[in-house]
>>> print(open('data22.txt').read())   # compact mmCIF, C-alpha atoms
# COMPACT_ATOMS: atom_id res chain seq x y z
CA MET A 202 12.95 -3.41 -35.39
CA LEU A 203 15.25 -4.53 -32.59
CA ASP A 204 18.42 -2.67 -31.73
CA GLU A 205 21.84 -4.35 -31.64
CA THR A 206 21.78 -4.90 -27.85
CA ALA A 207 18.43 -6.68 -27.98
CA ILE A 208 19.63 -8.87 -30.85
CA GLN A 209 22.79 -9.75 -28.91
CA LYS A 210 20.71 -10.77 -25.88
CA LEU A 211 18.57 -12.98 -28.11
CA LYS A 212 21.72 -14.60 -29.53
CA GLU A 213 23.00 -15.28 -26.01
CA LYS A 214 19.70 -16.90 -25.05
CA TYR A 215 18.90 -18.85 -28.25
CA GLY A 216 22.23 -19.24 -30.06
CA THR A 217 21.61 -18.60 -33.72
CA VAL A 218 19.01 -15.92 -34.44
CA LEU A 219 17.55 -15.75 -37.93
CA LYS A 220 16.55 -12.42 -39.46
CA LEU A 221 13.70 -12.97 -41.90
CA THR A 222 12.60 -10.16 -44.21
CA SER A 223 9.76 -10.00 -46.71
CA ASP A 224 10.48 -9.56 -50.42
CA ASP A 225 9.38 -5.92 -50.28
CA GLN A 226 11.67 -5.29 -47.26
CA LEU A 227 8.74 -3.87 -45.26
CA THR A 228 8.37 -6.75 -42.79
CA THR A 229 11.25 -8.05 -40.69
CA THR A 230 11.21 -10.49 -37.82
CA TYR A 231 13.69 -12.52 -35.80
CA CYS A 232 13.37 -16.24 -35.23
CA LYS A 233 15.28 -18.89 -33.36
CA LYS A 234 16.14 -22.19 -34.98
CA PRO A 235 13.60 -24.82 -33.96
CA SER A 236 14.45 -27.44 -31.39
CA PHE A 237 14.41 -31.07 -32.39
CA THR A 238 11.04 -31.56 -30.67
CA THR A 239 9.52 -28.59 -32.50
CA PHE A 240 10.78 -29.87 -35.85
CA PHE A 241 9.57 -33.39 -35.09
CA ASN A 242 6.09 -31.99 -34.29
CA TYR A 243 6.22 -29.97 -37.51
CA GLN A 244 6.94 -33.15 -39.50
CA ASN A 245 4.01 -34.96 -37.89
CA LYS A 246 1.65 -32.06 -38.65
CA TYR A 247 2.99 -31.76 -42.20
CA LYS A 248 1.56 -35.18 -43.11
CA ASP A 249 -1.98 -34.01 -42.37
CA ASN A 250 -1.86 -30.34 -43.33
CA PRO A 251 1.32 -28.77 -44.80
CA HIS A 252 -0.10 -25.23 -44.61
CA GLU A 253 -0.86 -25.49 -40.88
CA ALA A 254 2.45 -27.25 -40.22
CA ILE A 255 4.48 -24.38 -41.71
CA LEU A 256 2.44 -21.83 -39.74
CA PHE A 257 3.04 -23.91 -36.58
CA LEU A 258 6.80 -23.95 -37.21
CA PHE A 259 6.88 -20.18 -37.77
CA LYS A 260 4.86 -19.48 -34.60
CA GLU A 261 7.11 -21.76 -32.53
CA CYS A 262 10.28 -20.04 -33.75
CA ILE A 263 9.20 -16.39 -33.77
CA LEU A 264 10.84 -14.27 -31.07
CA ASP A 265 8.32 -11.43 -31.06
CA LYS A 266 4.56 -11.70 -30.73
CA GLU A 267 3.46 -9.41 -33.52
CA ASN A 268 0.81 -10.38 -36.04
CA TYR A 269 1.98 -11.21 -39.55
CA ASP A 270 0.01 -12.00 -42.67
CA ASP A 271 -0.25 -15.63 -43.78
CA GLU A 272 1.88 -15.10 -46.87
CA PHE A 273 4.82 -13.79 -44.82
CA MET A 274 4.45 -16.54 -42.20
CA LEU A 275 4.43 -19.25 -44.90
CA SER A 276 7.42 -17.74 -46.65
CA ALA A 277 9.35 -17.40 -43.38
CA GLY A 278 8.37 -20.93 -42.33
CA ASN A 279 9.63 -22.28 -45.64
CA SER A 280 12.88 -20.38 -45.11
CA ILE A 281 13.29 -22.03 -41.71
CA VAL A 282 12.70 -25.47 -43.26
CA ALA A 283 15.27 -24.68 -45.98
CA MET A 284 17.83 -23.74 -43.32
CA ILE A 285 17.17 -26.98 -41.44
CA LYS A 286 17.70 -28.97 -44.63
CA LYS A 287 20.96 -27.11 -45.18
CA ASP A 288 22.04 -27.93 -41.60
CA SER A 289 21.36 -31.61 -42.19
CA GLU A 290 23.27 -31.97 -45.45
CA PHE A 291 26.58 -33.31 -44.13
CA ALA A 292 26.12 -37.07 -44.55
CA ILE A 293 22.60 -38.18 -43.78
CA ASP A 294 19.36 -38.26 -45.71
CA LEU A 295 17.79 -34.80 -46.03
CA THR A 296 14.41 -36.19 -44.98
CA PRO A 297 15.21 -38.76 -42.33
CA GLN A 298 12.39 -40.94 -41.10
CA LYS A 299 11.12 -40.93 -37.53
CA ASP A 300 13.17 -43.97 -36.62
CA GLU A 301 16.39 -42.43 -37.96
CA PHE A 302 15.79 -39.32 -35.84
CA LYS A 303 15.39 -41.48 -32.74
CA LYS A 304 18.60 -43.37 -33.50
CA SER A 305 20.44 -40.10 -34.06
CA ALA A 306 19.06 -38.65 -30.83
CA ALA A 307 20.16 -41.76 -28.90
CA LEU A 308 23.67 -41.49 -30.34
CA ILE A 309 23.92 -37.81 -29.32
CA ARG A 310 22.52 -38.49 -25.86
CA ASN A 311 25.03 -41.31 -25.31
CA ALA A 312 28.05 -39.42 -26.62
CA PHE A 313 27.45 -35.99 -25.06
CA HIS A 314 24.97 -36.54 -22.20
CA VAL A 315 22.60 -33.81 -23.42
CA ASP A 316 18.91 -33.88 -24.25
CA PRO A 317 18.96 -33.86 -28.07
CA TYR A 318 15.27 -32.98 -28.25
CA GLN A 319 16.00 -29.53 -26.79
CA LEU A 320 18.80 -28.67 -29.24
CA ALA A 321 18.40 -26.34 -32.18
CA MET A 322 18.53 -28.26 -35.46
CA ASP A 323 21.95 -26.93 -36.50
CA GLU A 324 23.40 -27.91 -33.12
CA PHE A 325 21.67 -31.30 -33.34
CA TYR A 326 23.32 -32.05 -36.68
CA LYS A 327 26.73 -30.76 -35.57
CA LEU A 328 26.63 -33.04 -32.51
CA LEU A 329 25.38 -35.93 -34.64
CA GLU A 330 28.32 -35.50 -37.00
CA GLU A 331 30.73 -35.46 -34.05
CA ALA A 332 29.05 -38.47 -32.43
CA LEU A 333 29.34 -40.44 -35.68
CA TRP A 334 33.03 -39.55 -35.89
CA LEU A 335 33.56 -40.62 -32.27
CA GLN A 336 31.77 -43.89 -32.93
CA LYS A 337 33.94 -44.60 -35.99
CA HIS A 338 37.11 -43.66 -34.08
CA THR A 339 36.17 -45.99 -31.21
CA GLU A 340 35.49 -48.84 -33.63
CA THR A 341 38.85 -48.28 -35.34
CA ARG A 342 40.68 -48.34 -32.00
CA MET A 343 38.87 -51.54 -31.01
CA GLU A 344 39.76 -53.14 -34.33
CA ASN A 345 43.44 -52.20 -33.93
CA THR A 346 43.47 -53.58 -30.39
CA LEU A 347 42.03 -56.90 -31.56
CA ILE A 348 44.51 -57.13 -34.43
CA THR A 349 47.39 -56.55 -32.01
CA ALA A 350 46.02 -59.10 -29.54
CA PHE A 351 45.62 -61.77 -32.24
CA ALA A 352 49.08 -61.05 -33.59
CA LYS A 353 50.66 -61.48 -30.14
CA THR A 354 48.62 -64.57 -29.35
CA PHE A 355 49.32 -66.45 -32.56
CA SER A 356 52.90 -65.33 -33.15
CA ASN A 357 54.25 -67.64 -30.43
>>> encode(input="data22.txt", output="structure tokens")
Amino acid sequence: MLDETAIQKLKEKYGTVLKLTSDDQLTTTYCKKPSFTTFFNYQNKYKDNPHEAILFLFKECILDKENYDDEFMLSAGNSIVAMIKKDSEFAIDLTPQKDEFKKSAALIRNAFHVDPYQLAMDEFYKLLEEALWLQKHTETRMENTLITAFAKTFSN
């Protein structure tokens, strides 16, 4: 079990740190939220072997290198997936296709000049929501500018 100082250092390094505990409260571990690339790899592996994909996701997110039994790793991996789905619930499909992820990543990259594939999933979806708002705001401003220009041009 990590002390409060160690947990704070992990939070500074990884942002959100997830505390996952077994049903019997005997096993506890800390995980980071997966990056976009990690989650994308998880989705690709899930098509072929869901069991291995969930274990892969857990192993990629775990912050300590202890050995855990398969049941705990699967349960924790499913918890991570559930949190990612919760992060993505604002306005887009809960299970976006590969192409939609690429479009979303391009929008984030263009709006914020960051590498979206290195972001944690919650941060990815927060930035996507902001990028979509910025895009809509820009389109509204452009529309108002055109309306004003047409009004001035044809009012003479």
>>> residues_near_point(input="data22.txt", point="(3.5, -29.1, -39.8)", cutoff="12 Å", atoms="all atoms listed in the file", output="ChimeraX atom specification")
/A:239-261,275,278-279,282
>>> closest_residue(input="data22.txt", among="A:Thr206, A:Asn311, A:Thr349, A:Thr222", to="Ala332 (chain A)", atoms="all atoms listed in the file")
A:Asn311
>>> atom_distance(input="data22.txt", atom1="CA of His338 (chain A)", atom2="CA of Ile285 (chain A)")
27.0 Å
>>> residues_around(input="data22.txt", residues="Ala321 (chain A)", least_positions_apart="4", cutoff="9 Å", atoms="only C-alpha atoms", output="ChimeraX atom specification")
/A:215-217,233-237,317,325-326
>>> atom_distance(input="data22.txt", atom1="CA of Asp265 (chain A)", atom2="CA of Tyr231 (chain A)")
7.2 Å
>>> atom_distance(input="data22.txt", atom1="CA of Asp270 (chain A)", atom2="CA of Ile208 (chain A)")
23.1 Å
